[in-house]
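Here is model.csv, consisting of CSV, C-alpha atoms:
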chain,number,residue,atom,x,y,z
K,1253,MET,CA,88.0,69.4,-49.5
K,1254,ALA,CA,87.5,66.2,-47.6
K,1255,GLU,CA,87.1,66.2,-43.8
K,1256,GLU,CA,89.6,64.1,-42.0
K,1257,LEU,CA,88.4,61.1,-39.9
K,1258,ALA,CA,90.0,59.8,-36.7
K,1259,ALA,CA,90.9,56.1,-36.9
K,1260,GLY,CA,88.8,54.4,-34.2
K,1261,CYS,CA,87.5,50.9,-33.7
K,1262,ALA,CA,84.2,51.6,-35.3
K,1263,ARG,CA,83.9,51.1,-39.0
K,1264,PRO,CA,82.5,54.3,-40.5
K,1265,THR,CA,79.9,54.2,-43.2
K,1266,GLY,CA,78.5,56.7,-45.7
K,1267,GLY,CA,75.4,56.7,-47.9
K,1268,PRO,CA,73.2,58.8,-50.2
K,1269,VAL,CA,72.6,62.4,-49.1
K,1270,GLY,CA,69.0,63.7,-48.9
K,1271,GLU,CA,65.6,62.2,-48.6
K,1272,GLU,CA,64.4,59.0,-50.2
K,1273,PRO,CA,62.4,59.8,-53.3
K,1274,GLN,CA,58.7,59.8,-52.6
K,1275,GLU,CA,56.6,57.0,-54.1
K,1276,ASN,CA,54.2,58.4,-56.6
K,1277,GLN,CA,50.7,57.0,-55.7
K,1278,ASP,CA,49.4,57.7,-59.2
K,1279,GLU,CA,51.8,55.4,-60.8
K,1280,PRO,CA,51.0,51.8,-61.3
K,1281,GLN,CA,52.7,49.6,-58.7
K,1282,VAL,CA,54.1,46.3,-59.9
K,1283,LYS,CA,53.8,43.7,-57.2
K,1284,GLY,CA,56.8,41.7,-56.3
K,1285,GLU,CA,59.1,43.8,-58.4
K,1286,GLU,CA,61.2,46.4,-56.7
K,1287,LYS,CA,61.1,49.8,-58.4
K,1288,LYS,CA,64.7,50.6,-59.5
K,1289,THR,CA,65.9,54.1,-60.2
K,1290,MET,CA,68.3,54.3,-63.2
K,1291,ILE,CA,71.0,56.8,-63.6
K,1292,MET,CA,70.4,59.0,-66.6
K,1293,VAL,CA,72.9,61.0,-68.5
K,1294,GLY,CA,72.1,64.7,-68.3
K,1295,GLN,CA,70.7,64.4,-64.8
K,1296,LYS,CA,72.2,65.2,-61.5
K,1297,ALA,CA,74.5,62.6,-60.0
K,1298,PRO,CA,73.0,61.4,-56.6
K,1299,ASP,CA,74.9,63.0,-53.8
K,1300,PHE,CA,76.6,60.8,-51.2
K,1301,THR,CA,79.1,60.8,-48.4
K,1302,ALA,CA,81.6,58.0,-48.0
K,1303,PRO,CA,84.6,57.3,-45.7
K,1304,GLY,CA,87.8,56.6,-47.5
K,1305,TYR,CA,91.6,56.5,-47.5
K,1306,HIS,CA,93.6,59.3,-49.2
K,1307,GLN,CA,97.4,59.7,-49.1
K,1308,GLY,CA,98.0,58.6,-45.5
K,1309,LYS,CA,94.8,59.9,-44.0
K,1310,PHE,CA,91.3,58.6,-43.4
K,1311,VAL,CA,88.8,61.1,-44.8
K,1312,ASN,CA,85.1,61.6,-45.3
K,1313,VAL,CA,84.3,62.6,-48.8
K,1314,LYS,CA,81.1,64.2,-50.0
K,1315,LEU,CA,80.4,64.2,-53.8
K,1316,SER,CA,78.9,67.7,-53.8
K,1317,ASP,CA,82.1,69.2,-52.3
K,1318,TYR,CA,83.5,68.6,-55.8
K,1319,LEU,CA,81.1,70.9,-57.6
K,1320,GLY,CA,83.2,73.0,-59.9
K,1321,LYS,CA,85.5,70.1,-60.8
K,1322,TRP,CA,85.2,67.2,-63.2
K,1323,VAL,CA,84.8,64.0,-61.3
K,1324,LEU,CA,85.4,60.4,-62.3
K,1325,LEU,CA,83.5,58.1,-60.0
K,1326,CYS,CA,84.7,54.5,-60.4
K,1327,PHE,CA,83.3,51.4,-58.7
K,1328,TYR,CA,85.2,48.1,-58.6
K,1329,PRO,CA,84.6,44.6,-57.1
K,1330,GLY,CA,87.2,44.6,-54.5
K,1331,ASP,CA,90.7,45.5,-53.2
K,1332,PHE,CA,93.5,43.1,-54.0
K,1333,THR,CA,91.7,41.8,-57.1
K,1334,PHE,CA,93.8,41.4,-60.3
K,1335,VAL,CA,92.1,43.2,-63.2
B,1433,MET,CA,84.8,53.0,-54.5
B,1434,SER,CA,84.3,49.4,-53.3
B,1435,ILE,CA,82.7,47.6,-50.4
B,1436,ASP,CA,86.1,47.3,-48.7
B,1437,SER,CA,86.7,49.3,-45.5
B,1438,MET,CA,89.0,52.3,-45.6
B,1439,PHE,CA,91.4,50.2,-43.5
B,1440,VAL,CA,91.6,47.6,-46.3
B,1441,HIS,CA,92.1,50.4,-48.8
B,1442,LYS,CA,95.1,51.6,-46.8
B,1443,MET,CA,96.6,48.1,-46.7
B,1444,TRP,CA,96.1,47.6,-50.4
B,1445,ASP,CA,97.7,51.0,-51.1
B,1446,ASP,CA,100.6,50.4,-48.7
B,1447,ASN,CA,101.4,46.8,-49.7
B,1448,GLU,CA,100.6,46.6,-53.4
B,1449,LEU,CA,99.5,49.8,-55.2
B,1450,LYS,CA,102.6,51.8,-54.0
B,1451,LYS,CA,104.6,49.3,-56.0
B,1452,MET,CA,102.7,50.2,-59.1
B,1453,VAL,CA,102.2,54.0,-58.7
B,1454,ASP,CA,104.9,56.2,-57.1
B,1455,GLY,CA,103.5,57.7,-53.9
B,1456,GLY,CA,100.4,55.5,-54.0
B,1457,VAL,CA,97.0,56.2,-55.3
B,1458,PRO,CA,96.6,60.0,-55.7
B,1459,PHE,CA,92.8,60.2,-55.3
B,1460,PRO,CA,90.5,59.2,-52.4
B,1461,MET,CA,89.7,55.4,-52.2
B,1462,LEU,CA,86.2,55.3,-51.0
B,1463,SER,CA,84.4,52.7,-48.9
B,1464,ASP,CA,80.8,51.7,-49.6
B,1465,ALA,CA,80.1,49.1,-46.9
B,1466,GLY,CA,76.8,47.4,-47.7
B,1467,GLY,CA,76.7,48.9,-51.2
B,1468,LYS,CA,74.4,51.7,-50.2
B,1469,VAL,CA,75.9,54.2,-52.7
B,1470,GLY,CA,76.4,51.5,-55.4
B,1471,ARG,CA,72.7,50.6,-55.2
B,1472,VAL,CA,71.7,54.2,-55.9
B,1473,TYR,CA,74.0,54.2,-58.9
B,1474,GLY,CA,72.7,50.9,-60.2
B,1475,VAL,CA,76.1,49.1,-59.9
B,1476,TYR,CA,75.8,47.0,-56.7
B,1477,ASP,CA,75.4,43.3,-57.5
B,1478,GLU,CA,73.0,42.1,-54.7
B,1479,ASN,CA,73.8,38.4,-55.3
B,1480,ALA,CA,77.6,38.7,-55.3
B,1481,GLY,CA,77.6,41.4,-52.6
B,1482,VAL,CA,80.1,43.5,-54.6
B,1483,GLU,CA,80.1,46.5,-56.9
B,1484,THR,CA,80.4,45.9,-60.6
B,1485,ARG,CA,82.9,48.0,-62.7
B,1486,GLY,CA,80.8,51.2,-63.0
B,1487,ARG,CA,82.4,54.4,-64.1
B,1488,PHE,CA,80.6,57.8,-64.1
B,1489,ILE,CA,81.8,61.1,-65.7
B,1490,ILE,CA,80.3,63.9,-63.6
B,1491,ASP,CA,80.7,67.5,-64.8
B,1492,PRO,CA,81.4,70.7,-62.7
B,1493,ASP,CA,77.6,71.2,-62.2
B,1494,GLY,CA,77.3,67.7,-60.7
B,1495,VAL,CA,75.6,66.4,-63.9
B,1496,VAL,CA,76.3,62.8,-65.1
B,1497,GLN,CA,77.6,63.2,-68.7
B,1498,GLY,CA,78.4,59.5,-69.3
B,1499,PHE,CA,78.7,56.1,-67.7
B,1500,GLU,CA,79.9,52.6,-68.4
B,1501,VAL,CA,79.3,49.5,-66.4
B,1502,LEU,CA,81.2,46.2,-66.9
B,1503,THR,CA,81.0,42.8,-65.2
B,1504,PRO,CA,84.0,42.1,-63.0
B,1505,PRO,CA,86.2,40.0,-65.2
B,1506,VAL,CA,86.8,42.7,-67.9
B,1507,GLY,CA,89.0,45.7,-67.1
B,1508,ARG,CA,88.4,49.2,-68.4
B,1509,ASN,CA,90.1,51.3,-71.0
B,1510,VAL,CA,91.4,54.4,-69.2
B,1511,ASN,CA,92.4,56.1,-72.4
B,1512,GLU,CA,88.9,55.9,-73.6
B,1513,THR,CA,87.6,57.4,-70.4
B,1514,LEU,CA,90.1,60.3,-70.7
B,1515,ARG,CA,89.1,60.8,-74.3
B,1516,GLN,CA,85.5,61.1,-73.3
B,1517,VAL,CA,86.3,63.6,-70.5
B,1518,GLN,CA,88.3,65.7,-73.1
B,1519,ALA,CA,85.4,65.6,-75.5
B,1520,PHE,CA,82.9,66.7,-72.8
B,1521,GLN,CA,85.2,69.5,-71.7
B,1522,LEU,CA,85.5,70.8,-75.3
B,1523,VAL,CA,81.7,70.7,-75.7
B,1524,ARG,CA,81.3,72.6,-72.4
B,1525,GLU,CA,84.0,75.2,-73.4
B,1526,THR,CA,82.3,75.9,-76.7
B,1527,LYS,CA,78.9,75.9,-75.0
B,1528,GLY,CA,77.7,73.3,-77.4
B,1529,ALA,CA,78.7,75.2,-80.6
B,1530,GLU,CA,81.0,72.2,-81.4
B,1531,ALA,CA,80.3,68.5,-81.1
B,1532,THR,CA,82.7,65.6,-81.4
B,1533,PRO,CA,81.8,63.0,-84.0
B,1534,SER,CA,82.6,59.3,-83.7
B,1535,GLY,CA,86.3,58.6,-83.5
B,1536,TRP,CA,87.2,62.2,-82.3
B,1537,ARG,CA,90.4,62.7,-80.4
B,1538,PRO,CA,91.9,66.1,-79.3
B,1539,GLY,CA,93.2,67.8,-82.4
B,1540,LYS,CA,90.7,66.1,-84.7
B,1541,LYS,CA,87.9,67.9,-86.5
B,1542,THR,CA,84.7,68.8,-84.7
B,1543,LEU,CA,81.3,69.4,-86.1
B,1544,LYS,CA,79.3,72.6,-85.8
B,1545,PRO,CA,75.7,71.5,-85.2
B,1546,GLY,CA,73.2,73.8,-87.0
B,1547,ILE,CA,70.9,74.0,-90.0
B,1548,ASP,CA,73.8,74.2,-92.5
B,1549,LEU,CA,75.0,70.8,-91.3
B,1550,VAL,CA,71.7,69.0,-92.0
B,1551,GLY,CA,72.3,66.4,-94.7
B,1552,LYS,CA,76.0,67.6,-95.1
B,1553,VAL,CA,77.7,65.5,-92.4
B,1554,TRP,CA,78.9,63.1,-95.2
B,1555,GLU,CA,81.0,66.0,-96.6
B,1556,GLU,CA,82.5,66.9,-93.2
B,1557,TRP,CA,83.0,63.4,-91.7
B,1558,LYS,CA,84.2,60.2,-93.4
B,1559,THR,CA,83.6,56.7,-92.1
B,1560,GLU,CA,87.4,56.0,-91.8
B,1561,MET,CA,87.6,58.9,-89.3
B,1562,ALA,CA,85.8,56.6,-86.8
B,1563,PHE,CA,88.8,54.2,-86.9
B,1564,ASP,CA,92.0,56.3,-87.5
Spell out the structure here as structure tokens.
Amino acid sequence: MAEELAAGCARPTGGPVGEEPQENQDEPQVKGEEKKTMIMVGQKAPDFTAPGYHQGKFVNVKLSDYLGKWVLLCFYPGDFTFV
Amino acid sequence: MSIDSMFVHKMWDDNELKKMVDGGVPFPMLSDAGGKVGRVYGVYDENAGVETRGRFIIDPDGVVQGFEVLTPPVGRNVNETLRQVQAFQLVRETKGAEATPSGWRPGKKTLKPGIDLVGKVWEEWKTEMAFD
């Protein structure tokens, strides 16, 4: 499912997959306020790739590789924290 | 997923998490350096430079069915997350013929949405079922 990564000196990064959403010129633009997209239930989860660690291996994970399965995606503030 | 590198994830798993979970964390621990993914999901705290406690339930079609976001000091309720997954799975299996009312757990009564249920929920579902 996940592609294995070689452990080198570089620190691999991932990010959202696909193009940036196009700004709609017809919509009113609010100056000084960044337009934020909000996740909506019932809508597609934004696809991404991310490097990670899984059971003794460094891997590169793509969310869309998990189509057909239920996914729990959890964010947390940091490793070695205590909650 | 956190802003820590995959190397730190390995150290955390090796040095601490393996003491809590036999064999270490069974699922991938992902790295989101710079919060690029967290920003798209609306959980990256720009001021603190870390992800908040966001949790997304994504179904087999890649659709977000539910999410919860907490500030860092309060931990999650894993049982509640699993209950929600079980509820979404039941709704999916019945293709929406059954719905899970407040307080539902596996084995408890579901509702069958339809014209016959309009105005009759009070007969099918009692307030105490939200709490038992």
Please provide as a PyMOL selection string all residues within 12 Å of Arg1515 in chain B, with the sequence filter that same-chain residues fewer than 2 positions apart are discarded (counting only C-alpha atoms).
chain B and resi 1489+1498+1509-1513+1517-1522+1532+1534-1540
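Among B:Gly1474, B:Pro1505, B:Gly1466, B:Gly1494, the residue with the shortest atom-to-atom distance to Pro1329 in chain K, counting only C-alpha atoms, is B:Pro1505.
In plain terms, chain B touches chain K through Met1433, Ser1434, Met1438, Pro1460, Met1461, Leu1462, Ser1463, Lys1468, Val1469, Val1482, Glu1483, Thr1484, Arg1485, Gly1486, Arg1487, Phe1488, Ile1489, Ile1490, Asp1491, Pro1492, Asp1493, Gly1494, Val1495, Val1496, Gln1497, Gly1498 and Gly1507 of chain B, where touching means an atom at most 6 Å away, counting only C-alpha atoms.
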Hey, can you check how far CA of Leu1543 in chain B sits from CA of Trp1557 in chain B?
8.4 Å
Which residue, B:Leu1549, B:Ile1435, B:Ala1529, B:Met1561, has the smallest gap to Arg1471 in chain B when you use all atoms listed in the file?
B:Ile1435
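For the pair CA of Met1253 in chain K and CA of Val1472 in chain B, the separation is 23.2 Å.
When CA of Ile1547 in chain B is paired with CA of Asp1564 in chain B, their separation reads 27.7 Å.
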